Every structure is written in structure tokens, then in C-alpha cells.
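Source file: target-v4.csv (CSV, C-alpha atoms and all ligand atoms)
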chain,number,residue,atom,x,y,z
A,90,MET,CA,-3.3,-23.3,8.7
A,91,SER,CA,-2.8,-20.6,6.2
A,92,ALA,CA,-4.8,-17.4,6.5
A,93,THR,CA,-7.1,-16.0,3.8
A,94,ARG,CA,-5.5,-12.9,2.3
A,95,ILE,CA,-8.0,-10.0,2.4
A,96,ASP,CA,-7.7,-8.3,-0.9
A,97,GLY,CA,-8.2,-4.6,-0.1
A,98,LYS,CA,-7.1,-3.7,-3.6
A,99,ALA,CA,-10.0,-5.6,-5.3
A,100,PHE,CA,-12.5,-4.6,-2.6
A,101,ALA,CA,-11.5,-0.9,-3.1
A,102,ALA,CA,-11.8,-1.2,-6.9
A,103,ARG,CA,-15.4,-2.5,-6.4
A,104,LEU,CA,-16.1,0.3,-3.9
A,105,ARG,CA,-14.8,2.9,-6.4
A,106,GLU,CA,-17.0,1.6,-9.1
A,107,ARG,CA,-20.0,1.7,-6.9
A,108,VAL,CA,-19.2,5.2,-5.8
A,109,GLY,CA,-18.7,6.2,-9.4
A,110,ALA,CA,-22.2,5.0,-10.3
A,111,HIS,CA,-23.7,7.0,-7.4
A,112,ALA,CA,-21.7,10.0,-8.6
A,113,LEU,CA,-23.2,9.7,-12.1
A,114,ASN,CA,-26.7,9.5,-10.6
A,115,PHE,CA,-26.0,12.5,-8.5
A,116,ALA,CA,-24.9,14.5,-11.5
A,117,LYS,CA,-28.2,13.6,-13.3
A,118,VAL,CA,-30.3,15.0,-10.4
A,119,ALA,CA,-28.1,17.9,-9.3
A,120,ASP,CA,-26.8,19.0,-12.7
A,121,ARG,CA,-23.2,19.0,-11.5
A,122,LYS,CA,-20.7,16.5,-10.4
A,123,PRO,CA,-19.7,15.9,-6.8
A,124,GLY,CA,-16.6,18.0,-6.2
A,125,LEU,CA,-13.6,17.4,-4.0
A,126,ALA,CA,-11.1,20.1,-3.3
A,127,VAL,CA,-7.6,18.9,-2.3
A,128,VAL,CA,-5.1,21.4,-0.8
A,129,LEU,CA,-1.4,20.6,-0.7
A,130,VAL,CA,1.1,23.0,0.9
A,131,GLY,CA,4.8,22.4,0.1
A,132,GLU,CA,6.6,19.8,-1.9
A,133,ASP,CA,6.7,16.7,0.3
A,134,PRO,CA,7.1,13.9,-2.3
A,135,ALA,CA,4.8,11.4,-0.6
A,136,SER,CA,2.1,14.1,-0.2
A,137,GLN,CA,2.4,15.0,-3.9
A,138,VAL,CA,1.9,11.3,-4.8
A,139,TYR,CA,-1.2,11.1,-2.6
A,140,VAL,CA,-2.7,14.3,-3.9
A,141,GLY,CA,-2.1,13.2,-7.5
A,142,ALA,CA,-3.7,9.8,-6.8
A,143,LYS,CA,-6.7,11.4,-5.2
A,144,GLY,CA,-7.2,13.8,-8.1
A,145,LYS,CA,-7.0,10.9,-10.6
A,146,ALA,CA,-9.4,8.7,-8.6
A,147,CYS,CA,-11.9,11.5,-8.5
A,148,LEU,CA,-12.0,11.9,-12.2
A,149,ALA,CA,-12.2,8.1,-12.7
A,150,ALA,CA,-15.2,8.1,-10.4
A,151,ASN,CA,-17.1,10.7,-12.3
A,152,MET,CA,-16.3,13.4,-9.9
A,153,GLU,CA,-14.8,16.9,-10.1
A,154,SER,CA,-11.3,17.4,-8.6
A,155,PHE,CA,-10.1,20.9,-7.6
A,156,GLU,CA,-6.4,20.9,-6.7
A,157,HIS,CA,-4.8,23.7,-4.9
A,158,ARG,CA,-1.0,23.4,-4.7
A,159,LEU,CA,0.5,26.1,-2.5
A,160,PRO,CA,4.2,26.9,-1.9
A,161,ALA,CA,5.8,25.7,1.4
A,162,ASP,CA,6.1,29.3,2.6
A,163,THR,CA,2.3,29.9,2.5
A,164,SER,CA,1.2,31.7,5.6
A,165,GLU,CA,-1.5,30.2,7.9
A,166,ALA,CA,-3.7,33.2,7.2
A,167,ALA,CA,-3.5,32.6,3.5
A,168,LEU,CA,-4.3,28.9,3.9
A,169,LEU,CA,-7.3,29.7,6.2
A,170,ASP,CA,-8.5,32.2,3.7
A,171,LEU,CA,-8.5,29.5,1.0
A,172,VAL,CA,-10.3,27.1,3.3
A,173,HIS,CA,-13.0,29.7,4.0
A,174,ARG,CA,-13.4,30.3,0.2
A,175,LEU,CA,-13.8,26.5,-0.4
A,176,ASN,CA,-16.4,26.4,2.5
A,177,ARG,CA,-18.5,28.9,0.6
A,178,ASP,CA,-17.9,27.4,-2.9
A,179,GLU,CA,-21.1,25.7,-4.0
A,180,THR,CA,-19.3,23.4,-6.4
A,181,VAL,CA,-17.1,22.0,-3.6
A,182,ASP,CA,-18.7,19.2,-1.6
A,183,GLY,CA,-15.6,17.9,0.2
A,184,ILE,CA,-12.4,19.6,1.4
A,185,LEU,CA,-9.2,17.7,2.2
A,186,VAL,CA,-6.1,19.5,3.4
A,187,GLN,CA,-3.2,17.1,2.9
A,188,LEU,CA,-1.3,16.5,6.1
A,189,PRO,CA,1.4,17.0,7.4
A,190,LEU,CA,1.4,20.8,7.0
A,191,PRO,CA,4.7,22.8,7.3
A,192,ASP,CA,5.7,23.5,10.9
A,193,SER,CA,4.8,27.2,10.6
A,194,ILE,CA,1.1,26.3,10.2
A,195,ASP,CA,-1.1,25.1,13.1
A,196,GLU,CA,-2.8,21.9,11.7
A,197,GLN,CA,-5.6,21.9,14.3
A,198,ALA,CA,-6.5,25.5,13.4
A,199,VAL,CA,-6.8,24.6,9.7
A,200,ILE,CA,-8.8,21.5,10.4
A,201,ALA,CA,-11.1,23.5,12.7
A,202,ALA,CA,-11.7,26.0,9.9
A,203,ILE,CA,-13.1,23.4,7.5
A,204,ASP,CA,-16.9,23.3,7.4
A,205,PRO,CA,-17.7,20.0,9.2
A,206,ASP,CA,-20.2,19.1,6.5
A,207,LYS,CA,-17.4,19.3,3.9
A,208,ASP,CA,-14.8,17.6,6.2
A,209,VAL,CA,-14.7,14.3,4.2
A,210,ASP,CA,-11.5,13.3,6.1
A,211,GLY,CA,-13.6,13.3,9.3
A,212,PHE,CA,-10.8,15.0,11.3
A,213,HIS,CA,-12.9,18.0,12.5
A,214,VAL,CA,-13.8,17.8,16.3
A,215,ILE,CA,-17.4,18.1,15.3
A,216,ASN,CA,-17.2,14.9,13.3
A,217,ALA,CA,-15.1,13.2,16.0
A,218,GLY,CA,-17.9,14.2,18.4
A,219,ARG,CA,-20.6,13.0,16.1
A,220,LEU,CA,-18.9,9.6,15.8
A,221,SER,CA,-18.5,9.4,19.5
A,222,VAL,CA,-22.2,10.1,20.3
A,223,GLY,CA,-23.6,8.1,17.3
A,224,GLN,CA,-24.7,10.9,15.0
A,225,SER,CA,-24.1,10.8,11.3
A,226,GLY,CA,-21.1,12.8,10.2
A,227,PHE,CA,-17.9,11.9,8.5
A,228,VAL,CA,-15.7,9.1,9.7
A,229,PRO,CA,-12.0,9.1,9.0
A,230,CYS,CA,-11.4,7.2,5.8
A,231,THR,CA,-8.8,4.6,6.9
A,232,PRO,CA,-10.7,3.2,9.9
A,233,MET,CA,-13.9,3.2,7.9
A,234,GLY,CA,-12.1,1.2,5.2
A,235,CYS,CA,-10.9,-1.3,7.8
A,236,MET,CA,-14.5,-1.6,9.1
A,237,MET,CA,-15.8,-2.4,5.6
A,238,LEU,CA,-13.2,-5.1,5.2
A,239,LEU,CA,-14.0,-6.5,8.6
A,240,THR,CA,-17.8,-6.7,8.1
A,241,ASP,CA,-17.3,-8.1,4.6
A,242,ARG,CA,-15.3,-10.9,6.1
A,243,LEU,CA,-17.0,-11.5,9.4
A,244,GLY,CA,-20.5,-10.2,9.1
A,245,ASP,CA,-21.9,-9.4,12.5
A,246,LEU,CA,-19.1,-8.4,15.0
A,247,SER,CA,-21.3,-8.6,18.1
A,248,GLY,CA,-19.5,-9.9,21.1
A,249,MET,CA,-16.2,-10.3,19.4
A,250,GLU,CA,-13.0,-9.4,21.2
A,251,ALA,CA,-11.3,-6.6,19.3
A,252,VAL,CA,-7.9,-5.1,20.1
A,253,VAL,CA,-6.8,-1.9,18.4
A,254,VAL,CA,-3.1,-1.2,18.8
A,255,GLY,CA,-2.6,2.5,18.4
A,256,ARG,CA,-4.7,5.4,19.7
A,257,SER,CA,-4.2,8.2,17.1
A,258,ASN,CA,-7.1,10.5,16.3
A,259,ILE,CA,-7.0,9.5,12.7
A,260,VAL,CA,-6.9,5.7,13.0
A,261,GLY,CA,-6.8,4.1,16.4
A,262,LYS,CA,-9.5,6.1,18.2
A,263,PRO,CA,-12.1,6.2,15.4
A,264,MET,CA,-11.4,2.5,14.7
A,265,ALA,CA,-12.2,1.6,18.3
A,266,GLN,CA,-15.3,3.7,18.2
A,267,LEU,CA,-16.6,1.9,15.0
A,268,LEU,CA,-15.9,-1.5,16.5
A,269,LEU,CA,-17.7,-0.5,19.7
A,270,ASP,CA,-20.7,0.7,17.6
A,271,ALA,CA,-20.7,-2.7,15.9
A,272,ASN,CA,-21.0,-4.3,19.4
A,273,ALA,CA,-17.5,-5.7,19.6
A,274,THR,CA,-15.8,-5.7,23.0
A,275,VAL,CA,-12.9,-3.3,22.4
A,276,THR,CA,-9.5,-2.8,23.9
A,277,ILE,CA,-7.3,0.0,22.8
A,278,ALA,CA,-3.6,-0.7,23.3
A,279,HIS,CA,-0.7,1.8,23.0
A,280,SER,CA,2.9,2.4,23.9
A,281,ARG,CA,2.2,2.2,27.6
A,282,THR,CA,0.2,-1.0,27.5
A,283,ARG,CA,1.6,-3.7,29.7
A,284,ASP,CA,2.1,-7.2,28.3
A,285,LEU,CA,1.0,-6.1,24.8
A,286,ALA,CA,1.4,-9.6,23.3
A,287,ASP,CA,-1.0,-11.1,26.0
A,288,VAL,CA,-3.5,-8.4,25.3
A,289,VAL,CA,-3.4,-9.0,21.5
A,290,ARG,CA,-3.6,-12.7,22.0
A,291,ARG,CA,-7.2,-12.3,23.4
A,292,ALA,CA,-8.4,-10.8,20.2
A,293,ASP,CA,-10.7,-12.3,17.6
A,294,ILE,CA,-10.0,-9.0,15.6
A,295,VAL,CA,-6.6,-7.3,15.7
A,296,VAL,CA,-6.2,-3.9,14.1
A,297,ALA,CA,-2.6,-2.8,14.1
A,298,ALA,CA,-2.0,1.0,13.6
A,299,VAL,CA,1.3,1.6,15.2
A,300,GLY,CA,4.0,2.5,12.6
A,301,ARG,CA,6.5,-0.2,13.8
A,302,PRO,CA,7.6,-2.6,11.1
A,303,GLU,CA,6.5,-6.2,11.7
A,304,MET,CA,6.1,-5.6,15.5
A,305,ILE,CA,3.2,-8.1,15.8
A,306,ARG,CA,4.5,-11.6,15.6
A,307,LYS,CA,2.9,-15.0,15.1
A,308,ASP,CA,2.9,-15.9,18.8
A,309,TRP,CA,0.9,-12.8,19.6
A,310,LEU,CA,-2.1,-14.0,17.7
A,311,LYS,CA,-5.0,-16.2,18.7
A,312,ASP,CA,-5.7,-19.1,16.2
A,313,GLY,CA,-8.0,-17.9,13.5
A,314,ALA,CA,-7.9,-14.2,14.4
A,315,THR,CA,-8.8,-11.7,11.7
A,316,VAL,CA,-5.9,-9.2,11.4
A,317,ILE,CA,-6.1,-5.8,9.8
A,318,ASP,CA,-2.7,-4.2,9.3
A,319,VAL,CA,-2.9,-0.4,8.9
A,320,GLY,CA,0.8,0.1,9.2
A,321,ILE,CA,2.9,1.3,6.3
A,322,ASN,CA,6.6,1.1,7.0
A,323,ARG,CA,9.5,1.3,4.6
A,324,LEU,CA,12.5,-0.9,5.6
A,325,PRO,CA,16.0,0.2,4.9
A,326,PRO,CA,17.0,-0.7,1.3
A,327,GLU,CA,18.7,-4.1,0.8
A,328,PRO,CA,22.2,-3.9,-0.9
A,329,GLY,CA,21.9,-3.0,-4.6
A,330,ARG,CA,18.3,-1.6,-4.2
A,331,GLU,CA,17.3,2.0,-4.2
A,332,LYS,CA,14.3,1.6,-2.0
A,333,GLY,CA,13.5,-0.7,0.9
A,334,ARG,CA,10.5,-3.0,1.0
A,335,LEU,CA,7.1,-1.7,2.4
A,336,VAL,CA,5.9,-3.7,5.3
A,337,GLY,CA,3.1,-3.4,7.8
A,338,ASP,CA,3.0,-3.6,11.6
A,339,VAL,CA,2.4,-7.3,11.5
A,340,ALA,CA,5.0,-9.9,10.4
A,341,PHE,CA,2.8,-11.0,7.5
A,342,ASP,CA,4.3,-14.4,6.6
A,343,GLU,CA,4.5,-15.9,10.0
A,344,ALA,CA,1.2,-14.3,11.1
A,345,SER,CA,-0.5,-15.9,8.1
A,346,GLU,CA,0.3,-19.3,9.7
A,347,VAL,CA,-1.9,-18.6,12.6
A,348,ALA,CA,-4.5,-15.9,11.5
A,349,GLY,CA,-7.8,-16.8,9.9
A,350,ALA,CA,-7.6,-13.8,7.6
A,351,ILE,CA,-5.1,-11.0,7.2
A,352,THR,CA,-4.6,-7.9,5.1
A,353,PRO,CA,-1.3,-7.7,3.2
A,354,VAL,CA,0.9,-4.5,3.0
A,355,PRO,CA,0.7,-3.2,0.4
A,356,GLY,CA,-2.6,-4.1,-1.1
A,357,GLY,CA,-4.7,-4.3,2.0
A,358,VAL,CA,-5.9,-1.3,3.9
A,359,GLY,CA,-4.0,1.3,1.9
A,360,PRO,CA,-6.2,1.2,-1.3
A,361,MET,CA,-9.4,1.4,0.9
A,362,THR,CA,-8.5,4.9,2.1
A,363,ILE,CA,-9.1,6.7,-1.3
A,364,GLY,CA,-12.2,4.6,-2.0
A,365,VAL,CA,-13.7,5.8,1.3
A,366,LEU,CA,-12.7,9.4,0.6
A,367,LEU,CA,-14.6,9.3,-2.7
A,368,ARG,CA,-17.5,7.7,-1.0
A,369,ASN,CA,-17.6,10.4,1.7
A,370,THR,CA,-17.4,13.1,-0.9
A,371,VAL,CA,-20.4,11.7,-2.8
A,372,VAL,CA,-22.3,11.4,0.5
A,373,ALA,CA,-21.3,15.1,1.2
A,374,ALA,CA,-22.6,16.0,-2.2
A,375,TYR,CA,-26.0,14.4,-1.6
A,376,ARG,CA,-26.4,16.1,1.8
A,377,HIS,CA,-25.1,19.5,0.4
A,378,ALA,CA,-27.8,19.4,-2.4
A,379,GLY,CA,-30.5,18.5,0.2
A,380,LEU,CA,-31.0,15.1,-1.4
A,381,GLU,CA,-31.4,11.8,0.5
A,382,VAL,CA,-28.2,9.8,0.6
A,383,PRO,CA,-28.9,6.6,-1.4
A,384,GLU,CA,-29.0,3.3,0.4
A,385,GLY,CA,-25.7,1.3,0.1
A,386,LEU,CA,-23.4,4.2,-0.6
B,401,LIG,P1,0.6,7.6,15.2
B,401,LIG,O1,2.1,7.7,15.2
B,401,LIG,O2,-0.2,8.8,15.3
B,401,LIG,O3,0.1,6.6,16.3
B,401,LIG,C1,0.8,5.4,16.6
B,401,LIG,C2,0.2,4.8,17.8
B,401,LIG,O4,0.9,3.6,18.0
B,401,LIG,C3,0.3,5.6,19.0
B,401,LIG,O5,-1.0,5.5,19.7
B,401,LIG,C4,1.3,4.9,19.9
B,401,LIG,O6,1.1,4.9,21.3
B,401,LIG,C5,1.3,3.5,19.4
B,401,LIG,N1,2.6,2.8,19.6
B,401,LIG,C6,3.8,3.3,19.2
B,401,LIG,N2,4.7,2.4,19.6
B,401,LIG,C7,4.1,1.4,20.2
B,401,LIG,C8,4.5,0.2,20.8
B,401,LIG,N3,5.8,-0.2,20.8
B,401,LIG,N4,3.6,-0.6,21.3
B,401,LIG,C9,2.3,-0.3,21.3
B,401,LIG,N5,1.8,0.8,20.7
B,401,LIG,C10,2.7,1.7,20.2
B,401,LIG,O7,0.3,6.8,13.8
B,401,LIG,P2,-1.0,6.7,12.9
B,401,LIG,O8,-2.2,6.2,13.7
B,401,LIG,O9,-1.2,8.0,12.1
B,401,LIG,O10,-0.5,5.6,11.9
B,401,LIG,C11,-0.2,4.3,12.3
B,401,LIG,C12,0.4,3.5,11.1
B,401,LIG,O11,-0.6,3.5,10.1
B,401,LIG,C13,1.6,4.2,10.4
B,401,LIG,O12,2.4,3.2,9.9
B,401,LIG,C14,0.9,4.9,9.2
B,401,LIG,O13,1.9,5.1,8.2
B,401,LIG,C15,-0.2,4.0,8.9
B,401,LIG,N6,-1.3,4.7,8.2
B,401,LIG,C16,-1.8,4.1,7.1
B,401,LIG,C17,-2.9,4.6,6.4
B,401,LIG,C18,-3.4,3.9,5.2
B,401,LIG,O14,-4.0,4.5,4.4
B,401,LIG,N7,-3.3,2.6,5.1
B,401,LIG,C19,-3.5,5.9,6.9
B,401,LIG,C20,-3.0,6.4,8.1
B,401,LIG,C21,-1.9,5.8,8.7
B,401,LIG,P3,1.1,6.3,22.1
B,401,LIG,O15,-0.2,7.0,21.9
B,401,LIG,O16,1.2,5.8,23.5
B,401,LIG,O17,2.3,7.1,21.7

Have the structure of the file written as C-alpha cells, please.
Amino acid sequence: MSATRIDGKAFAARLRERVGAHALNFAKVADRKPGLAVVLVGEDPASQVYVGAKGKACLAANMESFEHRLPADTSEAALLDLVHRLNRDETVDGILVQLPLPDSIDEQAVIAAIDPDKDVDGFHVINAGRLSVGQSGFVPCTPMGCMMLLTDRLGDLSGMEAVVVGRSNIVGKPMAQLLLDANATVTIAHSRTRDLADVVRRADIVVAAVGRPEMIRKDWLKDGATVIDVGINRLPPEPGREKGRLVGDVAFDEASEVAGAITPVPGGVGPMTIGVLLRNTVVAAYRHAGLEVPEGL
């Protein structure tokens, strides 16, 4: 059997188009575009690439992008001051502070300072709490993107066995919560889980969010399982190459022999994250303007 390759890149492109159309409609009613403020502290090359990509994606989706690039020696007080200003700025609907922050700054304090109704990353404890009790708020973009791919592929998830490997606040925990809300039977596995392969083998749905290259092997998977690979790992470069290959947490080629469907890395979950970020920002804009969030956004 050869698994269906879940094309996150194509799905995300359709999502971005849909969001762009909603952003245009918003602009007609509200007389301004939905606005996302992205804050970057320091010169981390990967973060610079992410921030640049987010800005471009905003513009392509008929949204306003406000970039704030601050030097690495920015104080926590100065960053908090900027966040407070963005909270009050009527043209800003969503605020994203690119993580990781320099060690001198307390990440939790910065996230806590963001207005929860502009917290389009869904990292604020208020939004984590809303997700946990079933109130509408903002859900972290990566797990929400995974959920979109899963429901597109499987429809109703009721009663399915789902195993989430990884329990971080930004991926594993919200992912498990979303699956639970969709009536799956959810197990969260982590570094202390005993007999991890046996646990994963029970799953109709496997979500891998670990950060260990190709850890999940073919013989860990039940026949026909749907596998969502969140991991992004760079292997050491092969001789003569400058950069190593990007791989996920699942050994893609061999897993494809057993799985029913699987996301590749790259081109699976990764592209969904920005699509959902844009979607969350347009939702924030509608709420911020006191308008009803359109169906299907
Ligand atoms: P974290 O490092 O915060 O969490 C990793 C989790 O994996 C932890 O819960 C840890 O367990 C668990 N873990 C580590 N080793 C093992 C092991 N040997 N067996 C079982 N569980 C293990 O990572 P994130 O959640 O932030 O990210 C996970 C991966 O997803 C990374 O590769 C990251 O790059 C990628 N990612 C991709 C995104 C995208 O847009 N596609 C967005 C965000 C992340 P414990 O809690 O016990 O330590």
C-alpha cells in the first residue's frame, strides 16, 4: 500500500486565497484592511525569514503588515511598551511577537502583555483557557492547520484513536485539545511515555510534534493510519552540500508503505501555519470592528 500524500502546500494556497477574499470584504465594510503587527527582536536568521514571509503573505492576502524589527539588545521594558502601543492601535487587529526572544527577555511576560483579542498566535493563557473550556478565542496556528488537514481528509473524527506525540504548549497540547473537541479518543505521548511504539501503533491518527528526525518508523504505525508530521529537522549536510536535508519526525518513505495518508516535510504542515495566521488575523479584524465573523472563515 502506498499512502496518499497530503498536500499542505496546495491546501494552504487555497486557504490563503479564501482568507484574502474575506479580507477584501472586510475592507469594503470597515474602510480599512485587516492589520497584522509582527515584532522581531534580534537577528536570528530563521526568524528573519519567517517574519519576511509573514509580511509578504499579508500583503498578498489584501491585508496590512506592520513590521517592527528591534535590535537584539532591546530591553524587556521597551518591548512591553511597544506591545502596549500595538494593543491600543486601532489599525492593528493581530499582534505576533516572533519567538524565540533573546534570553534577557521573559517570553511569558511578553505574551501575557498582548491583548488576548489580538493574540492571533493563540499563545496567551486566556486563549489557552478558552480552548480548554470550549470558548471561542484564538487557537495556535500550527495545530489548527493540522486539524484542517485532518478534517479535510477524514471528515468526522468521532471515536477515532488519536495519538499526539509531544506536549508543548504551542503544538502538542492544543492539538490534543482540538482532537478531543472533535470527539477523538486522545492519547498524549512524550519523552517519558513507556513503549511509545506500542502506543503509536493504536492510532488511527498520529500527530508527531517532537523535533527528532525520522523517529517514528514504519513498524510503529497501524495499517491505514493518517499521519500528520509537524516536525522540522535539518539533518547534517551530506558531503559536498552546504545544507542538510529537511526531514520530519516520521521516516516518510517507509511510513508511506503503511500509512493511509501522510504529510510530507517540507510541504505538509509547514505552509499551513502562515495560512492560519492570516485567517486568525481576519477573524480578529471582524471581531475588533464589532462585525459578525463570516461563515467558513
Ligand atoms: P518542543 O521541544 O517544545 O516539544 C517537543 C515534545 O516532544 C516534548 O513534549 C517532548 O517531551 C517530546 N519528546 C522529545 N523527545 C521525545 C522522545 N524521544 N519520545 C517522545 N517524545 C519526545 O517542540 P515543539 O512542540 O515546539 O515542536 C515540535 C516539532 O515541530 C519541532 O521539530 C518543531 O521544529 C516543529 N514545529 C513546526 C511548526 C510548523 O510550522 N510546521 C511549528 C512549530 C513547531 P517532554 O515534554 O517530556 O520533554

Using only C-alpha atoms and all ligand atoms, which residues have at least one atom no more than 6 Å from ligand LIG 401 (chain B)? Output them as a short mmCIF file (atom, residue, chain, number, x, y, z; two decimals) with C-alpha atoms, in the coordinates of the input.
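Once everything was written out, this is out-v1.cif:
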data_model
loop_
_atom_site.label_atom_id
_atom_site.label_comp_id
_atom_site.auth_asym_id
_atom_site.auth_seq_id
_atom_site.Cartn_x
_atom_site.Cartn_y
_atom_site.Cartn_z
CA THR A 231 -8.80 4.60 6.90
CA VAL A 254 -3.10 -1.20 18.80
CA GLY A 255 -2.60 2.50 18.40
CA ARG A 256 -4.70 5.40 19.70
CA SER A 257 -4.20 8.20 17.10
CA ILE A 259 -7.00 9.50 12.70
CA VAL A 260 -6.90 5.70 13.00
CA GLY A 261 -6.80 4.10 16.40
CA HIS A 279 -0.70 1.80 23.00
CA SER A 280 2.90 2.40 23.90
CA ARG A 281 2.20 2.20 27.60
CA ALA A 298 -2.00 1.00 13.60
CA VAL A 299 1.30 1.60 15.20
CA GLY A 300 4.00 2.50 12.60
CA VAL A 319 -2.90 -0.40 8.90
CA GLY A 320 0.80 0.10 9.20
CA ILE A 321 2.90 1.30 6.30
CA ASN A 322 6.60 1.10 7.00
CA VAL A 358 -5.90 -1.30 3.90
CA GLY A 359 -4.00 1.30 1.90
CA THR A 362 -8.50 4.90 2.10
#

Using all atoms listed in the file, what table do you get, as a Markdown table, when you list each residue of region 328-386 of chain A with an atom no more than 12 Å from region 153-177 of chain A, its nearest pair of atoms, and their distance in Å rounded to one decimal, rows by chain then rising number?
| residue | atom | partner | partner_atom | distance |
| --- | --- | --- | --- | --- |
| A:Leu367 | CA | A:Ser154 | CA | 10.6 |
| A:Thr370 | CA | A:Glu153 | CA | 10.3 |
| A:Val371 | CA | A:Glu153 | CA | 10.6 |
| A:Ala374 | CA | A:Glu153 | CA | 11.1 |
| A:His377 | CA | A:Asn176 | CA | 11.3 |

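With all atoms listed in the file as the atoms that count, the minimum distance from Ala101 (chain A) to the choices A:Ala116, A:Val127, A:Met237, A:Ile317 is reached by A:Met237.
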
* Tell me which protein, DNA and RNA residues are within 10 Å of Leu366 (chain A), counting all atoms listed in the file, leaving out same-chain ones fewer than 4 positions away, and put them as a PyMOL selection string. => chain A and resi 105+125+143+146-147+183+185+209-211+227-231+233-234+361-362+370-372

Just write the chosen residues, C-alpha atoms, as a PDB file, in the coordinates of the input.
ATOM      1  CA  ARG A 105     -14.800   2.900  -6.400  1.00  0.00           C
ATOM      2  CA  LEU A 125     -13.600  17.400  -4.000  1.00  0.00           C
ATOM      3  CA  LYS A 143      -6.700  11.400  -5.200  1.00  0.00           C
ATOM      4  CA  ALA A 146      -9.400   8.700  -8.600  1.00  0.00           C
ATOM      5  CA  CYS A 147     -11.900  11.500  -8.500  1.00  0.00           C
ATOM      6  CA  GLY A 183     -15.600  17.900   0.200  1.00  0.00           C
ATOM      7  CA  LEU A 185      -9.200  17.700   2.200  1.00  0.00           C
ATOM      8  CA  VAL A 209     -14.700  14.300   4.200  1.00  0.00           C
ATOM      9  CA  ASP A 210     -11.500  13.300   6.100  1.00  0.00           C
ATOM     10  CA  GLY A 211     -13.600  13.300   9.300  1.00  0.00           C
ATOM     11  CA  PHE A 227     -17.900  11.900   8.500  1.00  0.00           C
ATOM     12  CA  VAL A 228     -15.700   9.100   9.700  1.00  0.00           C
ATOM     13  CA  PRO A 229     -12.000   9.100   9.000  1.00  0.00           C
ATOM     14  CA  CYS A 230     -11.400   7.200   5.800  1.00  0.00           C
ATOM     15  CA  THR A 231      -8.800   4.600   6.900  1.00  0.00           C
ATOM     16  CA  MET A 233     -13.900   3.200   7.900  1.00  0.00           C
ATOM     17  CA  GLY A 234     -12.100   1.200   5.200  1.00  0.00           C
ATOM     18  CA  MET A 361      -9.400   1.400   0.900  1.00  0.00           C
ATOM     19  CA  THR A 362      -8.500   4.900   2.100  1.00  0.00           C
ATOM     20  CA  THR A 370     -17.400  13.100  -0.900  1.00  0.00           C
ATOM     21  CA  VAL A 371     -20.400  11.700  -2.800  1.00  0.00           C
ATOM     22  CA  VAL A 372     -22.300  11.400   0.500  1.00  0.00           C
TER      23      VAL A 372
END

* Which value, in Å to one decimal, gives the distance between CA of Cys235 (chain A) and CA of Arg103 (chain A)? ->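 One can read the CA of Cys235 (chain A) to CA of Arg103 (chain A) distance as 14.9 Å.
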
* To do: For region 305-313 of chain A, list every protein, DNA or RNA residue within 10 Å, evaluated using all atoms listed in the file, and leave out those in the same chain fewer than 6 positions away; present the list as a PyMOL selection string.
  => chain A and resi 90-93+254+285-295+297+299+337-351

* Pick out the residues sitting within 9 Å of Arg323 (chain A), and hand them over as a list of chain:residue names; count only C-alpha atoms, and ignore anything fewer than 4 positions along from it in its own chain. => A:Pro302, A:Lys332, A:Gly333, A:Arg334, A:Leu335, A:Val336, A:Gly337

* Surrounding residues of region 241-249 of chain A excluding itself and chain neighbours under 3 positions, 7 Å, only C-alpha atoms, as a PyMOL selection string -> chain A and resi 237-238+271-274+293

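CA of Gly109 (chain A) is positioned 15.7 Å from CA of Pro360 (chain A).
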
* Residue with smallest distance to Leu220 (chain A) - pool A:Thr276, A:Ser136, A:Gln266, A:Thr315, counting only C-alpha atoms ->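 Of A:Thr276, A:Ser136, A:Gln266, A:Thr315, the one nearest Leu220 (chain A), counting only C-alpha atoms, is A:Gln266.
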